[in-house]
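First the structure, in the form of structure tokens, and then the observations on it.
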Amino acid sequence: MSKFPPIFILRHGQTEWNLGHRLQGSLDSPLTARGKEQAVVQQRLLAVVFAREAAQVVVSPLGRTRQTAEIALRGHKLVSPPRFDPRIAEISAGLWEGLERSEIKRLWPSSCQAPCDFEYYTGAINGEGVDKLRKRCTAFLNELTTTTVLITHGICSVMLRGILCGLDHQAMCKLPLTQGCIFEVRDGVEVILQEAK
């Protein structure tokens, strides 16, 4: 039996910088039209979640997650107002924030050979790094006592899901970074909630 309550994790919708292969980290860019559509899909998926269980909602304070939350939570009767917590904000990518991947490869060719996005971001020059990210995510999760919906980011969601599922670093690398879905983690097992195509 997991020590954590059921957790539903949403990654924000596609942003302008996602589309341009630019690293955001602690910086921000607005949702694209597709990103807004993905948040609408999450809104419909949350209707199913909220119909079967009461859940508190916690949102990263960054603009793209706030924008996603406004759409995804629209029309839902919540048990309490959403709260914002910087511990589920995206990992800082240090000197790489705001740069396109091609620029990073040109400027730091030996530092961007990571096999997956998780290692790419956690290995960013002067970035937050994996240990600090794990520490803040663990502290946040350890405080949760009731079913919770989180609206967060790609790399932060990988760490949160990895901790909840008891995964090592290598296994975290294999977790999907899908947008427009909900990752449900219950008793250490992850299920992806998606709309049928």
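Quick note on naming: the chains in the structure tokens go A, B, ... in the order shown, residues restart at 1 in each chain, and ligands are numbered from 1 in order of appearance.
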
Practice task
Once DSSP has gone over the backbone, tell me which residues of chain A are in alpha helix (DSSP H), as a ChimeraX atom specification.
Solution key: /A:16-19,33-52,63-72,101-107,117-122,130-142,154-165,169-173

Which polymer residues have any atom within 10 Å of an atom of Ala93 (chain A), counting only C-alpha atoms, with same-chain residues fewer than 3 positions away left out, as a PDB file with C-alpha atoms, in the first residue's frame?
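Result went into selection_27.pdb, see below:
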ATOM      1  CA  LEU A  23      13.682  25.556 -23.136  1.00  0.00           C
ATOM      2  CA  GLN A  24      11.325  27.250 -20.676  1.00  0.00           C
ATOM      3  CA  GLY A  25      12.282  26.044 -17.215  1.00  0.00           C
ATOM      4  CA  SER A  26      11.395  28.852 -14.804  1.00  0.00           C
ATOM      5  CA  LEU A  27      10.692  31.244 -17.687  1.00  0.00           C
ATOM      6  CA  GLU A  90       9.219  23.484 -13.559  1.00  0.00           C
ATOM      7  CA  TRP A  96      19.817  27.151 -21.151  1.00  0.00           C
ATOM      8  CA  GLU A  97      16.503  28.832 -20.347  1.00  0.00           C
ATOM      9  CA  GLY A  98      15.070  30.762 -23.278  1.00  0.00           C
ATOM     10  CA  LEU A  99      17.398  29.103 -25.786  1.00  0.00           C
ATOM     11  CA  TYR A 120      18.622  16.939 -20.624  1.00  0.00           C
ATOM     12  CA  TYR A 121      16.889  19.360 -18.250  1.00  0.00           C
ATOM     13  CA  THR A 122      18.362  17.995 -15.019  1.00  0.00           C
ATOM     14  CA  GLY A 123      21.848  18.316 -16.558  1.00  0.00           C
ATOM     15  CA  ALA A 124      21.452  21.946 -17.694  1.00  0.00           C
ATOM     16  CA  ILE A 125      24.438  24.237 -17.029  1.00  0.00           C
ATOM     17  CA  ASN A 126      23.845  26.201 -13.781  1.00  0.00           C
ATOM     18  CA  GLY A 127      20.383  24.654 -13.546  1.00  0.00           C
ATOM     19  CA  GLU A 128      18.561  23.336 -10.508  1.00  0.00           C
ATOM     20  CA  GLY A 129      19.688  19.749 -10.999  1.00  0.00           C
TER      21      GLY A 129
END

Problem - Backbone-only DSSP, strand (DSSP E or B) members of region 16-72 of chain A, as a PyMOL selection string - result: chain A and resi 22+31+56-59

May I have the residues from that selection written out with N, CA, C and O atoms, as a CSV table (one decimal), in the first residue's frame?
chain,number,residue,atom,x,y,z
A,22,ARG,N,12.2,25.6,-27.6
A,22,ARG,CA,13.0,26.5,-26.8
A,22,ARG,C,12.7,26.1,-25.3
A,22,ARG,O,11.6,25.8,-24.9
A,31,LEU,N,0.2,29.6,-24.0
A,31,LEU,CA,-0.3,28.4,-24.7
A,31,LEU,C,-0.6,28.8,-26.1
A,31,LEU,O,-1.0,29.9,-26.5
A,56,GLN,N,-8.6,18.0,-3.8
A,56,GLN,CA,-8.1,19.3,-3.8
A,56,GLN,C,-7.2,19.6,-5.1
A,56,GLN,O,-6.8,18.6,-5.7
A,57,VAL,N,-7.0,20.8,-5.4
A,57,VAL,CA,-6.3,21.2,-6.6
A,57,VAL,C,-5.1,22.1,-6.3
A,57,VAL,O,-5.2,23.1,-5.6
A,58,VAL,N,-3.9,21.7,-6.7
A,58,VAL,CA,-2.7,22.5,-6.5
A,58,VAL,C,-2.1,22.8,-7.9
A,58,VAL,O,-2.0,21.9,-8.7
A,59,VAL,N,-1.7,24.0,-8.1
A,59,VAL,CA,-1.2,24.5,-9.4
A,59,VAL,C,0.2,25.1,-9.2
A,59,VAL,O,0.4,25.9,-8.3

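With CA of Gly20 (chain A) on one side and CA of Cys156 (chain A) on the other, the separation reads 20.2 Å.
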
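One finds CA of Asn142 (chain A) at 25.2 Å from CA of Arg64 (chain A).
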
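The space between CA of Asp85 (chain A) and CA of Thr152 (chain A) spans 9.8 Å.
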
Problem - Distance query Arg44 (chain A) at most 8 Å, only C-alpha atoms, self and fewer than 4 positions along chain excluded, as a PyMOL selection string - result: chain A and resi 40+48+72

Once you have the residues from the selection above, write them out as a short mmCIF file (atom, residue, chain, number, x, y, z; two decimals), in the first residue's frame, restricted to N, CA, C and O atoms.
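So the final result, stored in part.cif, reads:
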data_model
loop_
_atom_site.label_atom_id
_atom_site.label_comp_id
_atom_site.auth_asym_id
_atom_site.auth_seq_id
_atom_site.Cartn_x
_atom_site.Cartn_y
_atom_site.Cartn_z
N VAL A 40 -8.71 21.94 -22.82
CA VAL A 40 -10.15 21.64 -22.91
C VAL A 40 -10.38 20.14 -22.78
O VAL A 40 -11.31 19.69 -22.10
N VAL A 48 -14.83 13.61 -15.30
CA VAL A 48 -14.97 12.19 -14.91
C VAL A 48 -14.31 11.96 -13.55
O VAL A 48 -14.87 11.29 -12.68
N ALA A 72 -8.86 24.16 -17.78
CA ALA A 72 -9.14 22.78 -17.33
C ALA A 72 -10.10 22.72 -16.14
O ALA A 72 -10.82 21.73 -15.97
#

Which residues come within 9 Å of Ile88 (chain A), counting only C-alpha atoms, excluding same-chain residues fewer than 6 positions away, as a PDB file with N, CA and C atoms, in the first residue's frame?
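Heads up, here's the output in part.pdb:
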ATOM      1  N   VAL A  58      -3.891  21.687  -6.742  1.00  0.00           N
ATOM      2  CA  VAL A  58      -2.689  22.480  -6.523  1.00  0.00           C
ATOM      3  C   VAL A  58      -2.069  22.773  -7.892  1.00  0.00           C
ATOM      4  N   VAL A  59      -1.688  24.038  -8.087  1.00  0.00           N
ATOM      5  CA  VAL A  59      -1.207  24.495  -9.391  1.00  0.00           C
ATOM      6  C   VAL A  59       0.174  25.133  -9.249  1.00  0.00           C
ATOM      7  N   SER A  60       1.045  24.882 -10.200  1.00  0.00           N
ATOM      8  CA  SER A  60       2.315  25.608 -10.272  1.00  0.00           C
ATOM      9  C   SER A  60       2.002  27.082 -10.506  1.00  0.00           C
ATOM     10  N   PRO A  61       2.775  27.993  -9.907  1.00  0.00           N
ATOM     11  CA  PRO A  61       2.480  29.416 -10.066  1.00  0.00           C
ATOM     12  C   PRO A  61       2.893  30.022 -11.412  1.00  0.00           C
ATOM     13  N   ARG A 136      12.518  18.968  -3.380  1.00  0.00           N
ATOM     14  CA  ARG A 136      11.308  19.795  -3.243  1.00  0.00           C
ATOM     15  C   ARG A 136      10.043  19.019  -3.608  1.00  0.00           C
ATOM     16  N   CYS A 137      10.144  18.131  -4.603  1.00  0.00           N
ATOM     17  CA  CYS A 137       8.979  17.328  -4.982  1.00  0.00           C
ATOM     18  C   CYS A 137       8.617  16.331  -3.884  1.00  0.00           C
ATOM     19  N   PHE A 140       6.958  18.159  -1.012  1.00  0.00           N
ATOM     20  CA  PHE A 140       5.573  18.488  -1.374  1.00  0.00           C
ATOM     21  C   PHE A 140       4.667  17.261  -1.244  1.00  0.00           C
ATOM     22  N   LEU A 150      -2.912  17.836  -9.557  1.00  0.00           N
ATOM     23  CA  LEU A 150      -1.773  18.737  -9.720  1.00  0.00           C
ATOM     24  C   LEU A 150      -1.718  19.230 -11.157  1.00  0.00           C
ATOM     25  N   ILE A 151      -1.547  20.528 -11.333  1.00  0.00           N
ATOM     26  CA  ILE A 151      -1.334  21.082 -12.681  1.00  0.00           C
ATOM     27  C   ILE A 151       0.080  21.636 -12.690  1.00  0.00           C
ATOM     28  N   THR A 152       0.949  20.949 -13.424  1.00  0.00           N
ATOM     29  CA  THR A 152       2.384  21.194 -13.333  1.00  0.00           C
ATOM     30  C   THR A 152       3.037  21.155 -14.713  1.00  0.00           C
ATOM     31  N   HIS A 153       4.263  20.666 -14.789  1.00  0.00           N
ATOM     32  CA  HIS A 153       5.094  20.762 -15.988  1.00  0.00           C
ATOM     33  C   HIS A 153       5.675  19.400 -16.359  1.00  0.00           C
ATOM     34  N   CYS A 156       9.002  18.327 -14.075  1.00  0.00           N
ATOM     35  CA  CYS A 156       8.528  18.208 -12.687  1.00  0.00           C
ATOM     36  C   CYS A 156       7.552  17.044 -12.559  1.00  0.00           C
ATOM     37  N   SER A 157       6.689  16.856 -13.562  1.00  0.00           N
ATOM     38  CA  SER A 157       5.726  15.747 -13.500  1.00  0.00           C
ATOM     39  C   SER A 157       6.439  14.398 -13.536  1.00  0.00           C
ATOM     40  N   LEU A 160       7.702  13.857  -9.993  1.00  0.00           N
ATOM     41  CA  LEU A 160       6.577  13.550  -9.100  1.00  0.00           C
ATOM     42  C   LEU A 160       6.077  12.125  -9.328  1.00  0.00           C
TER      43      LEU A 160
END

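Using only C-alpha atoms, the smallest distance between any of A:Lys3, A:Lys132, A:Arg74, A:Lys174 and Glu119 (chain A) comes from A:Lys174.
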
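Closest approach to Ile71 (chain A) among A:Ala89, A:Ala51, A:Val191, A:Leu46: A:Leu46, based on only C-alpha atoms.
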
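Minimum atom-to-atom distances from A:Thr178, A:Glu70, A:Arg87, A:Glu184 to Leu141 (chain A) were compared using only C-alpha atoms, and the lowest value belongs to A:Arg87.
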
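For the set A:His21, A:Ile104, A:Gly13, A:Thr148, the residue with the smallest atom-to-atom gap to Arg83 (chain A) is A:Thr148, counting only C-alpha atoms.
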
Handout entry: Nearest to Thr138 (chain A), chosen from A:Ala47, A:Ala114, A:Ile155, A:Ile163, with only C-alpha atoms counted in the distances
Key = A:Ile163

Problem - Residue nearest Arg186 (chain A) among A:Pro82, A:Gly166, A:Gly75, A:Pro109 (counting only C-alpha atoms) - result: A:Gly166

Exercise for the section: List the neighbours of Arg34 (chain A) out to 9 Å using only C-alpha atoms; skip same-chain residues closer than 5 positions along the sequence, and give me the result as a VMD selection string. Expected result: chain A and resid 13 to 15 39

Next, the residues of the selection above should be written as an mmCIF file, in the first residue's frame with N, CA, C and O atoms.
data_model
loop_
_atom_site.group_PDB
_atom_site.id
_atom_site.type_symbol
_atom_site.label_atom_id
_atom_site.label_comp_id
_atom_site.auth_asym_id
_atom_site.auth_seq_id
_atom_site.Cartn_x
_atom_site.Cartn_y
_atom_site.Cartn_z
ATOM 1 N N GLY A 13 -0.719 22.680 -21.245
ATOM 2 C CA GLY A 13 -0.847 22.517 -22.690
ATOM 3 C C GLY A 13 0.367 23.050 -23.437
ATOM 4 O O GLY A 13 1.209 23.763 -22.870
ATOM 5 N N GLN A 14 0.442 22.712 -24.706
ATOM 6 C CA GLN A 14 1.565 23.150 -25.550
ATOM 7 C C GLN A 14 1.703 24.675 -25.515
ATOM 8 O O GLN A 14 0.717 25.406 -25.571
ATOM 9 N N THR A 15 2.950 25.138 -25.425
ATOM 10 C CA THR A 15 3.227 26.581 -25.425
ATOM 11 C C THR A 15 3.960 26.980 -26.700
ATOM 12 O O THR A 15 4.438 26.133 -27.459
ATOM 13 N N ALA A 39 -5.965 21.675 -23.037
ATOM 14 C CA ALA A 39 -6.526 21.999 -21.724
ATOM 15 C C ALA A 39 -8.032 21.734 -21.691
ATOM 16 O O ALA A 39 -8.570 21.318 -20.658
#
